[in-house]
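Participant: Just final_28.tsv, nothing more (TSV, C-alpha atoms):
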```
chain	number	residue	atom	x	y	z
A	1	MET	CA	20.46	9.98	-51.37
A	2	VAL	CA	21.86	7.58	-48.77
A	3	PHE	CA	21.94	8.15	-45.04
A	4	SER	CA	24.20	6.28	-42.69
A	5	SER	CA	25.28	6.60	-39.12
A	6	SER	CA	27.64	4.96	-36.75
A	7	GLY	CA	25.91	2.30	-34.72
A	8	ASN	CA	24.91	3.18	-31.20
A	9	SER	CA	24.14	0.51	-28.67
A	10	VAL	CA	21.84	0.70	-25.72
A	11	GLU	CA	22.21	-1.69	-22.82
A	12	VAL	CA	18.89	-2.67	-21.28
A	13	VAL	CA	19.26	-3.93	-17.74
A	14	PRO	CA	16.46	-5.78	-15.92
A	15	LEU	CA	15.14	-4.34	-12.69
A	16	PRO	CA	16.77	-5.82	-9.61
A	17	ASN	CA	14.97	-8.42	-7.51
A	18	GLY	CA	13.28	-7.39	-4.30
A	19	ALA	CA	10.81	-4.78	-5.55
A	20	PRO	CA	8.67	-3.42	-2.70
A	21	ASN	CA	5.01	-4.48	-2.56
A	22	ASP	CA	3.92	-0.93	-3.42
A	23	PHE	CA	6.10	-0.77	-6.58
A	24	ILE	CA	3.97	0.82	-9.32
A	25	GLY	CA	6.20	-0.21	-12.22
A	26	ALA	CA	7.69	3.27	-12.52
A	27	VAL	CA	11.30	3.77	-13.59
A	28	GLY	CA	12.68	7.31	-13.47
A	29	LYS	CA	12.28	10.09	-10.92
A	30	TYR	CA	8.91	10.65	-9.25
A	31	GLY	CA	6.98	12.39	-6.51
A	32	PHE	CA	3.39	12.04	-5.39
A	33	SER	CA	0.67	13.73	-3.38
A	34	ARG	CA	-2.89	12.98	-2.34
A	35	SER	CA	-5.82	15.02	-1.07
A	36	LEU	CA	-9.53	14.76	-0.24
A	37	ASP	CA	-12.22	17.03	-1.66
A	38	LYS	CA	-13.98	17.05	1.75
A	39	THR	CA	-13.41	15.55	5.18
A	40	ASP	CA	-16.74	16.07	7.00
A	41	VAL	CA	-19.49	14.03	5.35
A	42	LYS	CA	-22.66	12.08	6.04
A	43	GLN	CA	-22.92	8.31	5.93
A	44	GLY	CA	-23.45	7.28	2.30
A	45	ASP	CA	-21.63	10.31	0.86
A	46	VAL	CA	-18.80	9.92	-1.62
A	47	VAL	CA	-15.44	11.58	-1.00
A	48	ILE	CA	-13.03	12.08	-3.90
A	49	MET	CA	-9.43	11.22	-3.07
A	50	THR	CA	-7.03	12.61	-5.66
A	51	VAL	CA	-3.62	10.95	-6.04
A	52	VAL	CA	-1.07	12.66	-8.29
A	53	ILE	CA	2.06	10.85	-9.48
A	54	SER	CA	4.44	13.31	-11.15
A	55	GLY	CA	7.89	13.11	-12.65
A	56	TYR	CA	9.63	11.58	-15.63
A	57	GLY	CA	10.56	8.18	-16.99
A	58	ASN	CA	7.99	5.59	-18.04
A	59	LEU	CA	5.15	7.60	-16.50
A	60	HIS	CA	2.72	6.48	-19.23
A	61	ASN	CA	3.16	2.82	-18.21
A	62	ILE	CA	2.81	2.96	-14.42
A	63	ASN	CA	0.26	0.92	-12.48
A	64	THR	CA	-2.61	2.46	-10.55
A	65	PRO	CA	-1.56	2.82	-6.90
A	66	GLU	CA	-3.30	0.43	-4.51
A	67	LEU	CA	-5.39	1.76	-1.66
A	68	LYS	CA	-5.63	0.51	1.90
A	69	LEU	CA	-8.99	1.55	3.26
A	70	PRO	CA	-10.35	1.24	6.80
A	71	LYS	CA	-13.54	-0.67	7.56
A	72	GLY	CA	-16.49	1.60	6.83
A	73	VAL	CA	-14.91	3.18	3.73
A	74	VAL	CA	-15.29	1.46	0.35
A	75	LEU	CA	-13.96	2.13	-3.12
A	76	TYR	CA	-16.93	3.12	-5.29
A	77	GLY	CA	-16.13	2.14	-8.89
A	78	ASP	CA	-12.89	2.47	-10.82
A	79	PRO	CA	-10.73	5.57	-10.50
A	80	GLU	CA	-10.95	8.33	-13.07
A	81	ILE	CA	-7.49	8.71	-14.65
A	82	ASP	CA	-6.23	11.94	-16.24
A	83	GLU	CA	-2.89	11.76	-18.08
A	84	LYS	CA	-1.02	15.06	-18.46
A	85	ILE	CA	2.08	13.79	-20.22
A	86	HIS	CA	4.48	14.97	-22.89
A	87	PHE	CA	7.41	13.05	-24.34
A	88	GLY	CA	10.96	14.38	-24.37
A	89	LEU	CA	14.57	13.42	-23.78
A	90	ARG	CA	13.79	12.08	-20.29
A	91	GLY	CA	10.92	9.91	-21.50
A	92	ALA	CA	7.31	10.57	-20.53
A	93	GLU	CA	7.17	13.64	-18.31
A	94	GLY	CA	4.25	15.18	-16.48
A	95	GLU	CA	1.67	13.74	-14.14
A	96	MET	CA	-0.91	11.00	-13.79
A	97	ILE	CA	-3.94	12.08	-11.79
A	98	TYR	CA	-6.12	9.39	-10.19
A	99	LYS	CA	-9.49	10.31	-8.69
A	100	PHE	CA	-10.83	7.58	-6.41
A	101	ASN	CA	-14.47	7.72	-5.27
A	102	LEU	CA	-14.63	6.58	-1.64
A	103	GLN	CA	-18.02	5.96	-0.10
A	104	ILE	CA	-18.48	6.28	3.66
A	105	VAL	CA	-20.78	3.39	4.56
A	106	GLN	CA	-20.60	3.59	8.36
A	107	PRO	CA	-20.69	6.57	10.71
A	108	GLY	CA	-17.55	7.47	12.63
A	109	ASN	CA	-14.08	8.92	12.32
A	110	PHE	CA	-11.83	7.22	9.79
A	111	GLU	CA	-8.12	7.37	9.17
A	112	LEU	CA	-6.95	6.62	5.66
A	113	PRO	CA	-3.53	5.20	6.54
A	114	GLU	CA	-0.23	6.56	5.29
A	115	MET	CA	0.09	5.82	1.58
A	116	THR	CA	3.33	4.73	-0.06
A	117	VAL	CA	4.41	4.17	-3.64
A	118	SER	CA	7.76	2.88	-4.83
A	119	TYR	CA	9.62	3.39	-8.08
A	120	PHE	CA	13.06	2.45	-9.42
A	121	ASP	CA	15.57	5.30	-9.78
A	122	PRO	CA	18.11	4.29	-12.48
A	123	THR	CA	20.52	7.05	-11.42
A	124	GLN	CA	20.71	5.74	-7.85
A	125	LYS	CA	20.22	2.14	-9.06
A	126	ARG	CA	17.75	1.36	-6.28
A	127	TYR	CA	14.06	1.35	-5.38
A	128	ILE	CA	12.79	4.54	-3.76
A	129	THR	CA	9.69	4.63	-1.52
A	130	ILE	CA	7.80	7.90	-1.15
A	131	ARG	CA	5.13	8.53	1.49
A	132	GLU	CA	2.06	10.64	2.04
A	133	LYS	CA	0.70	11.16	5.55
A	134	ALA	CA	-2.54	9.67	6.85
A	135	LEU	CA	-5.78	11.54	6.12
A	136	GLN	CA	-8.88	11.89	8.33
A	137	ILE	CA	-12.56	11.66	7.38
A	138	SER	CA	-15.50	12.18	9.73
A	139	GLY	CA	-18.78	10.47	8.77
A	140	GLU	CA	-22.02	11.57	10.44
A	141	LYS	CA	-24.74	8.96	10.92
A	142	THR	CA	-27.84	9.25	8.76
A	143	ASP	CA	-30.97	7.11	8.81
A	144	ASP	CA	-31.41	7.40	5.03
A	145	PHE	CA	-28.46	5.14	4.19
A	146	ARG	CA	-28.85	1.38	4.22
A	147	THR	CA	-25.60	-0.48	4.88
A	148	GLN	CA	-26.60	-4.09	4.25
A	149	LEU	CA	-28.19	-5.92	1.38
A	150	PRO	CA	-31.43	-7.77	2.19
A	151	ARG	CA	-31.06	-11.25	3.70
A	152	GLU	CA	-33.02	-12.61	0.74
A	153	ILE	CA	-29.94	-12.31	-1.47
A	154	GLU	CA	-28.07	-15.60	-1.32
A	155	LYS	CA	-24.98	-16.72	-3.17
A	156	MET	CA	-25.59	-19.65	-5.48
A	157	ASN	CA	-23.53	-22.77	-4.91
A	158	ASP	CA	-22.58	-22.88	-8.56
A	159	GLU	CA	-18.79	-22.82	-8.50
A	160	LYS	CA	-18.59	-22.17	-12.23
A	161	SER	CA	-20.69	-19.04	-12.38
A	162	GLY	CA	-20.24	-17.47	-8.95
A	163	LEU	CA	-23.48	-15.56	-9.58
A	164	ALA	CA	-25.77	-14.20	-6.91
A	165	ALA	CA	-29.47	-15.02	-7.07
A	166	ILE	CA	-32.44	-13.20	-5.60
A	167	VAL	CA	-34.94	-15.48	-3.94
A	168	SER	CA	-38.30	-14.49	-2.42
A	169	VAL	CA	-37.71	-10.76	-2.49
A	170	ASP	CA	-40.73	-8.63	-1.68
A	171	CYS	CA	-41.24	-5.28	-3.35
A	172	PRO	CA	-40.36	-2.27	-1.21
A	173	GLN	CA	-43.17	-1.03	1.01
A	174	GLU	CA	-44.62	2.47	0.79
A	175	GLY	CA	-42.20	4.93	2.34
A	176	ASP	CA	-39.15	2.77	1.51
A	177	HIS	CA	-36.60	4.39	-0.78
A	178	PHE	CA	-35.57	2.62	-3.98
A	179	LEU	CA	-32.15	4.25	-3.81
A	180	ASN	CA	-29.96	2.14	-1.48
A	181	SER	CA	-32.49	-0.71	-1.48
A	182	GLY	CA	-31.64	-4.31	-2.28
A	183	PHE	CA	-33.28	-3.85	-5.67
A	184	PHE	CA	-31.02	-0.85	-6.41
A	185	TRP	CA	-27.80	-2.69	-5.53
A	186	THR	CA	-28.55	-5.94	-7.42
```
Starting from the file, give its structure as structure tokens.
Facilitator:
Amino acid sequence: MVFSSSGNSVEVVPLPNGAPNDFIGAVGKYGFSRSLDKTDVKQGDVVIMTVVISGYGNLHNINTPELKLPKGVVLYGDPEIDEKIHFGLRGAEGEMIYKFNLQIVQPGNFELPEMTVSYFDPTQKRYITIREKALQISGEKTDDFRTQLPREIEKMNDEKSGLAAIVSVDCPQEGDHFLNSGFFWT
């Protein structure tokens, strides 16, 4: 048995120059949303910010969106990524769910600024930027959270290794908490 078909050609066109800074490498049609699991926390608590990128195209190849965080809020580890994708005529379709752990390291009211992501829409033949509004977090002061590493931790002057060394560190005194101590964070 012999199979044959008429040749089909596909023209692959490079993306145009001038991609926005928040371009996530997505080509197709997309939307996105973000939310917080809680907004009133204590200093030292972790808030989970969920970012969902949904749509179709090369969804399985997009880059993790970048965060802009205010002073007093830090990214705690890498995001957890959940891919809910199926493949069809429009490419990869579904959603990518990113869960970012944000730790509140200072007391106060924080605004996570408006978040934008950009993708290329081949139908419109242009980059599209989509936005999500700013979010608010309120962090209550607590005396149990230590915000600075001990002064005894000094950066070595070894340009090759860039390692940090601990010099003349005393053991914690009775009543000190190991969690959030210099020993815990090194």
Participant: So how many Å separate CA of Phe145 in chain A and CA of Gln106 in chain A, to one decimal?
Facilitator: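 Calculated distance between CA of Phe145 in chain A and CA of Gln106 in chain A is 9.0 Å.
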Participant: Using all atoms listed in the file, can you list as an MDAnalysis selection string the residues within 12 Å of (6.0, 10.6, -25.0)?
Facilitator: chainID A and resid 56:61 83:94
Participant: Show me, as a PyMOL selection string, the residues that have an atom within 10 Å of Ile53 in chain A when counting all atoms listed in the file, minus same-chain residues fewer than 4 positions from it.
Facilitator: chain A and resi 26+30-34+59+62+64-65+83+94-98+117
Participant: Would you be able to write out as number ranges by chain which residues have an atom within 12 Å of (-14.9, 1.3, 0.5) in the file's coordinates, counting only C-alpha atoms?
Facilitator: A: 43-49, 67-78, 100-106, 110, 112, 147
Participant: In Å, rounded to a single decimal, give me how far CA of Glu111 in chain A is from CA of Glu80 in chain A.
Facilitator: 22.4 Å
Participant: One number please: CA of Ile24 in chain A to CA of Asn63 in chain A, in Å, one decimal.
Facilitator: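 One can read the CA of Ile24 in chain A to CA of Asn63 in chain A distance as 4.9 Å.
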Participant: Would you mind listing what lies within 8 Å of Pro122 in chain A as a PyMOL selection string, with only C-alpha atoms counted and same-chain residues fewer than 4 positions away left out?
Facilitator: chain A and resi 27-28+126
Participant: As a list of chain:residue names, please: the residues near Val41 in chain A (cut-off 7 Å, only C-alpha atoms, same-chain neighbours under 6 positions excluded).
Facilitator: A:Ser138, A:Gly139, A:Glu140
Participant: Padding of 8 Å on every side, edges along x, y and z, all listed atoms of range 97-110 of chain A included: what centre and edge lengths in Å, to one decimal, does that box have, as AutoDock Vina command-line options?
Facilitator:
```
--center_x -12.4 --center_y 7.7 --center_z 0.4 --size_x 32.8 --size_y 24.7 --size_z 40.4
```
